[in-house]
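For reference, the structure discussed in these notes is given below.
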Amino acid sequence: MKGPGTARDARRYFALPSPFRMKRGGELHGASVAYETWGELNAARDNGLLILTGLSPSAHAASSANDPAPGWWEGMIGPGKAIDTTHWFVICVNSLGSDKGSTSPASIDPASGEPYRLNFPDLALEDVAEAAHATVSSLGIDQLACLIGCSMGGMSALAYMLLHPGSARAHISVDTAPQAQPFAIAIRSLQREAIRLDPRWNEGRYDIHAQDGDRYPDIGMSIARKLGVITYRSAMEWNGRFARIRLDPEQRDDDPFGREFQVESYLEGHARRFVRHFDPNCYLYLSRASDWFDIAEYGNGSVHEGLQRIRIERAMVIGVSTDILFPLEQQEQIAKGLEAAGATVDFVALDSPQGHDAFLVDIENYSRAIGGFLDRLRAD
């Protein structure tokens, strides 16, 4: 999300077919998807590269002439970087259901003139994939050179390739999963519960524009974010960064059970920055969509068979040994399934201490892997 005072915006908008029918029932009218692009589409229209994001990022993955603010993957995308925009035409789509420009529970329902809130149809990651595919098709791209999916976006990418065979030549899977495991479901369930139990959530009818905490579920969102941050990093990193270091006396809360350790202060600061930068109802919908996704639905109850329905030439699957949210064994599952489907697969297991968030912070190692793969793809 742009900071206060930011006047420039590189987002473009694609109007989805209306009605846009959802996987689990219901439909959207007049819906649209926000996206940004970098580089130029070549004459053959075969250098398109699509990025599908995690739960909270916007389409602003990198800076550009139209918006010079750093993007969430700034170190990865640009001239001479791993995703080299002098060669690739890069597209990043904001997920359907997100409040960063795409139609979401925070958007105005044309039928009522009020925000959708909980009247938004049930959202599935297949809907996110379909909206992204329609956006790419509108740009005149029949087949992507490469589809990159990060975290939740990796699940959306699997759905994209399943629903549209031959729509991508290659795939880079980054710290994702073919289905949510019980630990991830449990954590997201607690996050949703924290939001819903905040009285100011008010069954989704909070004041979206409230400047104070009296009409907005600040506390629920704060707890949800803290739970998320804890799982995005590893115990190794928590130990290395904070150990048992205590706050200085003047930094502590007066409450006898308040913040005393540096790690508590870090979580509080992280949550405070996030609370008003992501809509609570959007968080609920996208979180639940992540739990629902299961590639085994496409393989007679088997993840392996579901993955074998994907048709691509090459793939790279990256995982991190310290990721507790999407563990390395799930990356191995994806790699084996795509290989069984006939793809040439590179499997990269990194030892980064940053856990699930490594792809956002360990840019050097991810750049080496992703840049190397894309160079080979370009040379083929």
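Every chain in the structure tokens takes a letter, A first, then B, and so on in the order presented; its residues are numbered from 1, and the ligands are numbered from 1 following the presented order.
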Quick one: everything within 7 Å of range 93-110 of chain A, counting only C-alpha atoms, minus sequence neighbours fewer than 6 positions away in the same chain. Send it as a tab-separated table (two decimals) with N, CA, C and O atoms, in the first residue's frame.
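Ended up saving to result-v3.tsv:
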```tsv
chain	number	residue	atom	x	y	z
A	1	MET	N	0.85	-1.19	0.00
A	1	MET	CA	0.00	0.00	0.00
A	1	MET	C	0.88	1.23	0.00
A	1	MET	O	1.89	1.29	0.68
A	31	ALA	N	-16.99	-6.31	-11.81
A	31	ALA	CA	-15.75	-6.50	-11.05
A	31	ALA	C	-14.53	-6.19	-11.90
A	31	ALA	O	-14.58	-6.25	-13.14
A	32	SER	N	-13.44	-5.86	-11.24
A	32	SER	CA	-12.19	-5.57	-11.95
A	32	SER	C	-10.99	-6.04	-11.16
A	32	SER	O	-11.09	-6.34	-9.97
A	33	VAL	N	-9.86	-6.12	-11.85
A	33	VAL	CA	-8.61	-6.57	-11.25
A	33	VAL	C	-7.55	-5.49	-11.47
A	33	VAL	O	-7.42	-4.95	-12.57
A	34	ALA	N	-6.81	-5.17	-10.42
A	34	ALA	CA	-5.71	-4.22	-10.52
A	34	ALA	C	-4.43	-4.97	-10.84
A	34	ALA	O	-4.20	-6.07	-10.32
A	35	TYR	N	-3.60	-4.38	-11.69
A	35	TYR	CA	-2.32	-5.01	-12.01
A	35	TYR	C	-1.31	-3.94	-12.41
A	35	TYR	O	-1.68	-2.80	-12.72
A	36	GLU	N	-0.04	-4.32	-12.38
A	36	GLU	CA	1.03	-3.44	-12.87
A	36	GLU	C	1.92	-4.23	-13.81
A	36	GLU	O	1.97	-5.47	-13.74
A	51	ILE	N	3.34	-12.77	-12.11
A	51	ILE	CA	3.60	-13.01	-10.69
A	51	ILE	C	2.29	-12.97	-9.94
A	51	ILE	O	1.54	-11.99	-10.03
A	52	LEU	N	1.99	-14.05	-9.20
A	52	LEU	CA	0.84	-14.10	-8.31
A	52	LEU	C	1.35	-14.02	-6.88
A	52	LEU	O	2.28	-14.73	-6.50
A	58	SER	N	0.33	-6.04	-2.65
A	58	SER	CA	-0.39	-5.42	-3.75
A	58	SER	C	0.26	-5.83	-5.08
A	58	SER	O	1.21	-6.63	-5.11
A	59	ALA	N	-0.22	-5.24	-6.16
A	59	ALA	CA	0.38	-5.48	-7.48
A	59	ALA	C	1.69	-4.72	-7.64
A	59	ALA	O	2.41	-4.95	-8.62
A	116	TYR	N	-19.58	-4.51	-0.10
A	116	TYR	CA	-20.06	-5.89	-0.04
A	116	TYR	C	-20.04	-6.44	1.37
A	116	TYR	O	-20.95	-7.14	1.80
A	117	ARG	N	-18.94	-6.19	2.08
A	117	ARG	CA	-18.71	-6.80	3.40
A	117	ARG	C	-18.94	-8.31	3.29
A	117	ARG	O	-18.38	-8.97	2.42
A	118	LEU	N	-19.79	-8.90	4.14
A	118	LEU	CA	-19.98	-10.35	4.12
A	118	LEU	C	-20.98	-10.80	3.05
A	118	LEU	O	-21.26	-12.01	2.95
A	120	PHE	N	-20.16	-10.46	0.04
A	120	PHE	CA	-19.27	-10.89	-1.04
A	120	PHE	C	-19.38	-12.41	-1.17
A	120	PHE	O	-19.43	-13.13	-0.17
A	128	VAL	N	-9.34	-16.45	-7.95
A	128	VAL	CA	-8.16	-15.59	-8.09
A	128	VAL	C	-7.43	-15.94	-9.38
A	128	VAL	O	-7.02	-15.06	-10.15
A	131	ALA	N	-9.43	-14.86	-12.55
A	131	ALA	CA	-9.36	-13.41	-12.75
A	131	ALA	C	-8.00	-13.02	-13.31
A	131	ALA	O	-7.89	-12.16	-14.20
A	132	ALA	N	-6.95	-13.66	-12.82
A	132	ALA	CA	-5.61	-13.38	-13.32
A	132	ALA	C	-5.46	-13.82	-14.77
A	132	ALA	O	-4.87	-13.11	-15.60
A	278	PHE	N	-4.68	-3.23	5.68
A	278	PHE	CA	-5.35	-4.36	5.03
A	278	PHE	C	-6.74	-4.50	5.64
A	278	PHE	O	-6.90	-4.52	6.86
A	279	ASP	N	-7.72	-4.60	4.78
A	279	ASP	CA	-9.11	-4.66	5.24
A	279	ASP	C	-9.40	-5.97	5.95
A	279	ASP	O	-9.08	-7.05	5.43
A	281	ASN	N	-12.18	-7.77	6.51
A	281	ASN	CA	-13.02	-8.74	5.79
A	281	ASN	C	-12.26	-9.38	4.63
A	281	ASN	O	-12.42	-10.58	4.35
A	282	CYS	N	-11.43	-8.60	3.94
A	282	CYS	CA	-10.60	-9.16	2.87
A	282	CYS	C	-9.66	-10.20	3.43
A	282	CYS	O	-9.42	-11.26	2.82
A	286	LEU	N	-9.61	-14.12	2.05
A	286	LEU	CA	-8.41	-14.70	1.43
A	286	LEU	C	-7.80	-15.79	2.30
A	286	LEU	O	-7.30	-16.80	1.79
```
Counting only C-alpha atoms, what is within 12 Å of Asp380 in chain A, bar same-chain residues fewer than 5 positions away, as a compact mmCIF listing (two decimals) with N, CA, C and O atoms, in the first residue's frame?
```
# COMPACT_ATOMS: atom_id res chain seq x y z
N ALA A 145 5.51 -17.08 -20.78
CA ALA A 145 6.83 -17.73 -20.76
C ALA A 145 7.06 -18.38 -19.41
O ALA A 145 7.61 -19.47 -19.32
N ARG A 169 4.47 -21.78 -20.24
CA ARG A 169 5.54 -22.67 -20.69
C ARG A 169 6.34 -23.21 -19.51
O ARG A 169 6.76 -24.36 -19.49
N ALA A 170 6.54 -22.35 -18.50
CA ALA A 170 7.35 -22.73 -17.34
C ALA A 170 6.72 -22.15 -16.08
O ALA A 170 5.88 -21.24 -16.13
N GLU A 313 6.57 -27.24 -19.55
CA GLU A 313 7.84 -27.81 -20.01
C GLU A 313 8.88 -27.86 -18.91
O GLU A 313 9.58 -28.86 -18.75
N ARG A 314 9.00 -26.77 -18.17
CA ARG A 314 10.05 -26.65 -17.14
C ARG A 314 9.46 -26.06 -15.87
O ARG A 314 8.48 -25.30 -15.92
N PHE A 373 17.41 -19.79 -13.32
CA PHE A 373 16.37 -20.54 -14.02
C PHE A 373 15.86 -19.76 -15.23
O PHE A 373 15.71 -20.31 -16.33
N LEU A 374 15.61 -18.48 -15.04
CA LEU A 374 15.09 -17.67 -16.15
C LEU A 374 16.12 -17.50 -17.26
O LEU A 374 15.77 -17.45 -18.45
N ASP A 375 17.40 -17.44 -16.91
CA ASP A 375 18.44 -17.38 -17.94
C ASP A 375 18.45 -18.65 -18.78
O ASP A 375 18.58 -18.60 -20.01
```
Between CA of Arg205 in chain A and CA of Leu267 in chain A lies a distance of 26.9 Å
Which neighbours of range 150-159 of chain A fall inside 9 Å, counting only C-alpha atoms, when residues of the same chain fewer than 3 positions from it are skipped, and could you give them as an NGL selection string?
-> :A and (51-55 or 95 or 125-130 or 147 or 162-164 or 171-179 or 286 or 290 or 293-295 or 307 or 310 or 326 or 356 or 359)
Residues within 7 Å of range 41-50 of chain A, please, as a PDB file with all heavy atoms, in the first residue's frame. Count only C-alpha atoms; anything in the same chain fewer than 6 positions from it doesn't count.
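Generated output (result00.pdb):
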```pdb
ATOM      1  N   TRP A  88      12.068  -9.614 -20.007  1.00  0.00           N
ATOM      2  CA  TRP A  88      10.740 -10.127 -19.689  1.00  0.00           C
ATOM      3  C   TRP A  88       9.724  -8.993 -19.586  1.00  0.00           C
ATOM      4  O   TRP A  88      10.027  -7.900 -19.106  1.00  0.00           O
ATOM      5  CB  TRP A  88      10.762 -10.900 -18.371  1.00  0.00           C
ATOM      6  CG  TRP A  88      11.742 -12.016 -18.334  1.00  0.00           C
ATOM      7  CD1 TRP A  88      12.922 -12.071 -17.642  1.00  0.00           C
ATOM      8  CD2 TRP A  88      11.654 -13.265 -19.049  1.00  0.00           C
ATOM      9  NE1 TRP A  88      13.571 -13.253 -17.870  1.00  0.00           N
ATOM     10  CE2 TRP A  88      12.822 -14.009 -18.729  1.00  0.00           C
ATOM     11  CE3 TRP A  88      10.707 -13.817 -19.912  1.00  0.00           C
ATOM     12  CZ2 TRP A  88      13.058 -15.279 -19.260  1.00  0.00           C
ATOM     13  CZ3 TRP A  88      10.943 -15.083 -20.427  1.00  0.00           C
ATOM     14  CH2 TRP A  88      12.109 -15.797 -20.104  1.00  0.00           C
ATOM     15  N   PHE A  89       8.510  -9.278 -20.044  1.00  0.00           N
ATOM     16  CA  PHE A  89       7.371  -8.390 -19.809  1.00  0.00           C
ATOM     17  C   PHE A  89       6.686  -8.924 -18.555  1.00  0.00           C
ATOM     18  O   PHE A  89       6.042  -9.968 -18.574  1.00  0.00           O
ATOM     19  CB  PHE A  89       6.413  -8.405 -20.999  1.00  0.00           C
ATOM     20  CG  PHE A  89       5.159  -7.607 -20.780  1.00  0.00           C
ATOM     21  CD1 PHE A  89       5.218  -6.241 -20.529  1.00  0.00           C
ATOM     22  CD2 PHE A  89       3.913  -8.217 -20.847  1.00  0.00           C
ATOM     23  CE1 PHE A  89       4.052  -5.498 -20.328  1.00  0.00           C
ATOM     24  CE2 PHE A  89       2.746  -7.483 -20.661  1.00  0.00           C
ATOM     25  CZ  PHE A  89       2.817  -6.124 -20.400  1.00  0.00           C
ATOM     26  N   VAL A  90       6.854  -8.222 -17.456  1.00  0.00           N
ATOM     27  CA  VAL A  90       6.425  -8.710 -16.152  1.00  0.00           C
ATOM     28  C   VAL A  90       5.070  -8.117 -15.786  1.00  0.00           C
ATOM     29  O   VAL A  90       4.844  -6.908 -15.885  1.00  0.00           O
ATOM     30  CB  VAL A  90       7.469  -8.351 -15.076  1.00  0.00           C
ATOM     31  CG1 VAL A  90       7.024  -8.867 -13.702  1.00  0.00           C
ATOM     32  CG2 VAL A  90       8.834  -8.927 -15.446  1.00  0.00           C
ATOM     33  N   ILE A  91       4.177  -8.986 -15.338  1.00  0.00           N
ATOM     34  CA  ILE A  91       2.839  -8.586 -14.896  1.00  0.00           C
ATOM     35  C   ILE A  91       2.667  -9.063 -13.463  1.00  0.00           C
ATOM     36  O   ILE A  91       2.976 -10.217 -13.150  1.00  0.00           O
ATOM     37  CB  ILE A  91       1.741  -9.249 -15.758  1.00  0.00           C
ATOM     38  CG1 ILE A  91       2.025  -9.083 -17.244  1.00  0.00           C
ATOM     39  CG2 ILE A  91       0.361  -8.717 -15.393  1.00  0.00           C
ATOM     40  CD1 ILE A  91       1.481 -10.220 -18.092  1.00  0.00           C
ATOM     41  N   CYS A  92       2.201  -8.205 -12.593  1.00  0.00           N
ATOM     42  CA  CYS A  92       1.837  -8.630 -11.244  1.00  0.00           C
ATOM     43  C   CYS A  92       0.386  -8.245 -11.018  1.00  0.00           C
ATOM     44  O   CYS A  92       0.006  -7.084 -11.176  1.00  0.00           O
ATOM     45  CB  CYS A  92       2.731  -7.984 -10.188  1.00  0.00           C
ATOM     46  SG  CYS A  92       2.397  -8.583  -8.504  1.00  0.00           S
ATOM     47  N   ILE A 141      -1.820 -12.172 -24.559  1.00  0.00           N
ATOM     48  CA  ILE A 141      -0.855 -13.238 -24.278  1.00  0.00           C
ATOM     49  C   ILE A 141      -1.602 -14.569 -24.197  1.00  0.00           C
ATOM     50  O   ILE A 141      -2.445 -14.764 -23.312  1.00  0.00           O
ATOM     51  CB  ILE A 141      -0.091 -12.974 -22.970  1.00  0.00           C
ATOM     52  CG1 ILE A 141       0.671 -11.654 -23.069  1.00  0.00           C
ATOM     53  CG2 ILE A 141       0.861 -14.122 -22.641  1.00  0.00           C
ATOM     54  CD1 ILE A 141       1.288 -11.193 -21.752  1.00  0.00           C
ATOM     55  N   GLN A 143       0.136 -17.626 -24.158  1.00  0.00           N
ATOM     56  CA  GLN A 143       0.939 -18.503 -23.301  1.00  0.00           C
ATOM     57  C   GLN A 143       2.021 -17.674 -22.617  1.00  0.00           C
ATOM     58  O   GLN A 143       2.796 -16.973 -23.264  1.00  0.00           O
ATOM     59  CB  GLN A 143       1.598 -19.629 -24.104  1.00  0.00           C
ATOM     60  CG  GLN A 143       2.373 -20.608 -23.220  1.00  0.00           C
ATOM     61  CD  GLN A 143       3.113 -21.670 -24.023  1.00  0.00           C
ATOM     62  OE1 GLN A 143       3.913 -21.348 -24.895  1.00  0.00           O
ATOM     63  NE2 GLN A 143       2.845 -22.936 -23.717  1.00  0.00           N
ATOM     64  N   LEU A 144       2.070 -17.761 -21.300  1.00  0.00           N
ATOM     65  CA  LEU A 144       3.115 -17.096 -20.534  1.00  0.00           C
ATOM     66  C   LEU A 144       4.436 -17.834 -20.724  1.00  0.00           C
ATOM     67  O   LEU A 144       4.459 -19.071 -20.798  1.00  0.00           O
ATOM     68  CB  LEU A 144       2.774 -17.096 -19.049  1.00  0.00           C
ATOM     69  CG  LEU A 144       1.586 -16.239 -18.608  1.00  0.00           C
ATOM     70  CD1 LEU A 144       1.122 -16.668 -17.225  1.00  0.00           C
ATOM     71  CD2 LEU A 144       1.974 -14.756 -18.619  1.00  0.00           C
ATOM     72  N   ALA A 145       5.515 -17.078 -20.780  1.00  0.00           N
ATOM     73  CA  ALA A 145       6.829 -17.731 -20.764  1.00  0.00           C
ATOM     74  C   ALA A 145       7.057 -18.378 -19.409  1.00  0.00           C
ATOM     75  O   ALA A 145       7.607 -19.466 -19.319  1.00  0.00           O
ATOM     76  CB  ALA A 145       7.926 -16.700 -21.055  1.00  0.00           C
ATOM     77  N   CYS A 146       6.592 -17.700 -18.354  1.00  0.00           N
ATOM     78  CA  CYS A 146       6.764 -18.243 -17.012  1.00  0.00           C
ATOM     79  C   CYS A 146       5.698 -17.680 -16.080  1.00  0.00           C
ATOM     80  O   CYS A 146       5.340 -16.499 -16.171  1.00  0.00           O
ATOM     81  CB  CYS A 146       8.154 -17.910 -16.479  1.00  0.00           C
ATOM     82  SG  CYS A 146       8.574 -18.765 -14.937  1.00  0.00           S
ATOM     83  N   LEU A 147       5.215 -18.516 -15.204  1.00  0.00           N
ATOM     84  CA  LEU A 147       4.264 -18.135 -14.168  1.00  0.00           C
ATOM     85  C   LEU A 147       4.945 -18.336 -12.818  1.00  0.00           C
ATOM     86  O   LEU A 147       5.386 -19.442 -12.500  1.00  0.00           O
ATOM     87  CB  LEU A 147       3.011 -19.003 -14.270  1.00  0.00           C
ATOM     88  CG  LEU A 147       1.974 -18.909 -13.140  1.00  0.00           C
ATOM     89  CD1 LEU A 147       1.498 -17.480 -12.942  1.00  0.00           C
ATOM     90  CD2 LEU A 147       0.801 -19.831 -13.434  1.00  0.00           C
ATOM     91  N   ILE A 148       5.039 -17.269 -12.033  1.00  0.00           N
ATOM     92  CA  ILE A 148       5.668 -17.331 -10.716  1.00  0.00           C
ATOM     93  C   ILE A 148       4.598 -17.156  -9.656  1.00  0.00           C
ATOM     94  O   ILE A 148       3.808 -16.216  -9.701  1.00  0.00           O
ATOM     95  CB  ILE A 148       6.739 -16.232 -10.546  1.00  0.00           C
ATOM     96  CG1 ILE A 148       7.833 -16.375 -11.610  1.00  0.00           C
ATOM     97  CG2 ILE A 148       7.353 -16.296  -9.148  1.00  0.00           C
ATOM     98  CD1 ILE A 148       8.907 -15.298 -11.528  1.00  0.00           C
TER      99      ILE A 148
END
```
Top pick for closest residue to Leu284 in chain A, considering A:Arg241, A:His209, A:Arg188, A:Arg233 and counting only C-alpha atoms | A:Arg188
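For range 62-78 of chain A, the residues within 6 Å (counting only C-alpha atoms, excluding itself and residues fewer than 6 positions away along the chain) are A:Arg8, A:Asp9, A:Ala10, A:Asp84, A:Thr85.
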Using N, CA and C atoms, can you write the selected residues to a file as a short mmCIF file (atom, residue, chain, number, x, y, z; two decimals), in the first residue's frame?
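Output saved as out.cif:
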```cif
data_model
loop_
_atom_site.label_atom_id
_atom_site.label_comp_id
_atom_site.auth_asym_id
_atom_site.auth_seq_id
_atom_site.Cartn_x
_atom_site.Cartn_y
_atom_site.Cartn_z
N ARG A 8 1.66 9.16 -7.08
CA ARG A 8 1.78 8.42 -8.34
C ARG A 8 1.34 6.98 -8.14
N ASP A 9 0.67 6.47 -9.15
CA ASP A 9 0.08 5.14 -9.06
C ASP A 9 0.20 4.47 -10.42
N ALA A 10 0.89 3.33 -10.47
CA ALA A 10 1.11 2.65 -11.75
C ALA A 10 0.06 1.58 -12.04
N ASP A 84 14.66 -9.93 -15.11
CA ASP A 84 15.24 -8.83 -15.88
C ASP A 84 14.19 -8.22 -16.82
N THR A 85 13.79 -7.01 -16.52
CA THR A 85 12.73 -6.37 -17.30
C THR A 85 13.22 -5.83 -18.65
#
```
Find the spatial neighbours of Asn202 in chain A, counting only C-alpha atoms, within a cut-off of 12 Å - ignore same-chain residues fewer than 2 positions away - and output them as number ranges by chain.
-> A: 117-118, 195-200, 204-208, 214-217, 220, 280-281
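In this comparison, which uses only C-alpha atoms, the residue of A:Ile83, A:Ala340, A:Ala224, A:Ala124 approaching Ala369 in chain A most closely is A:Ile83.
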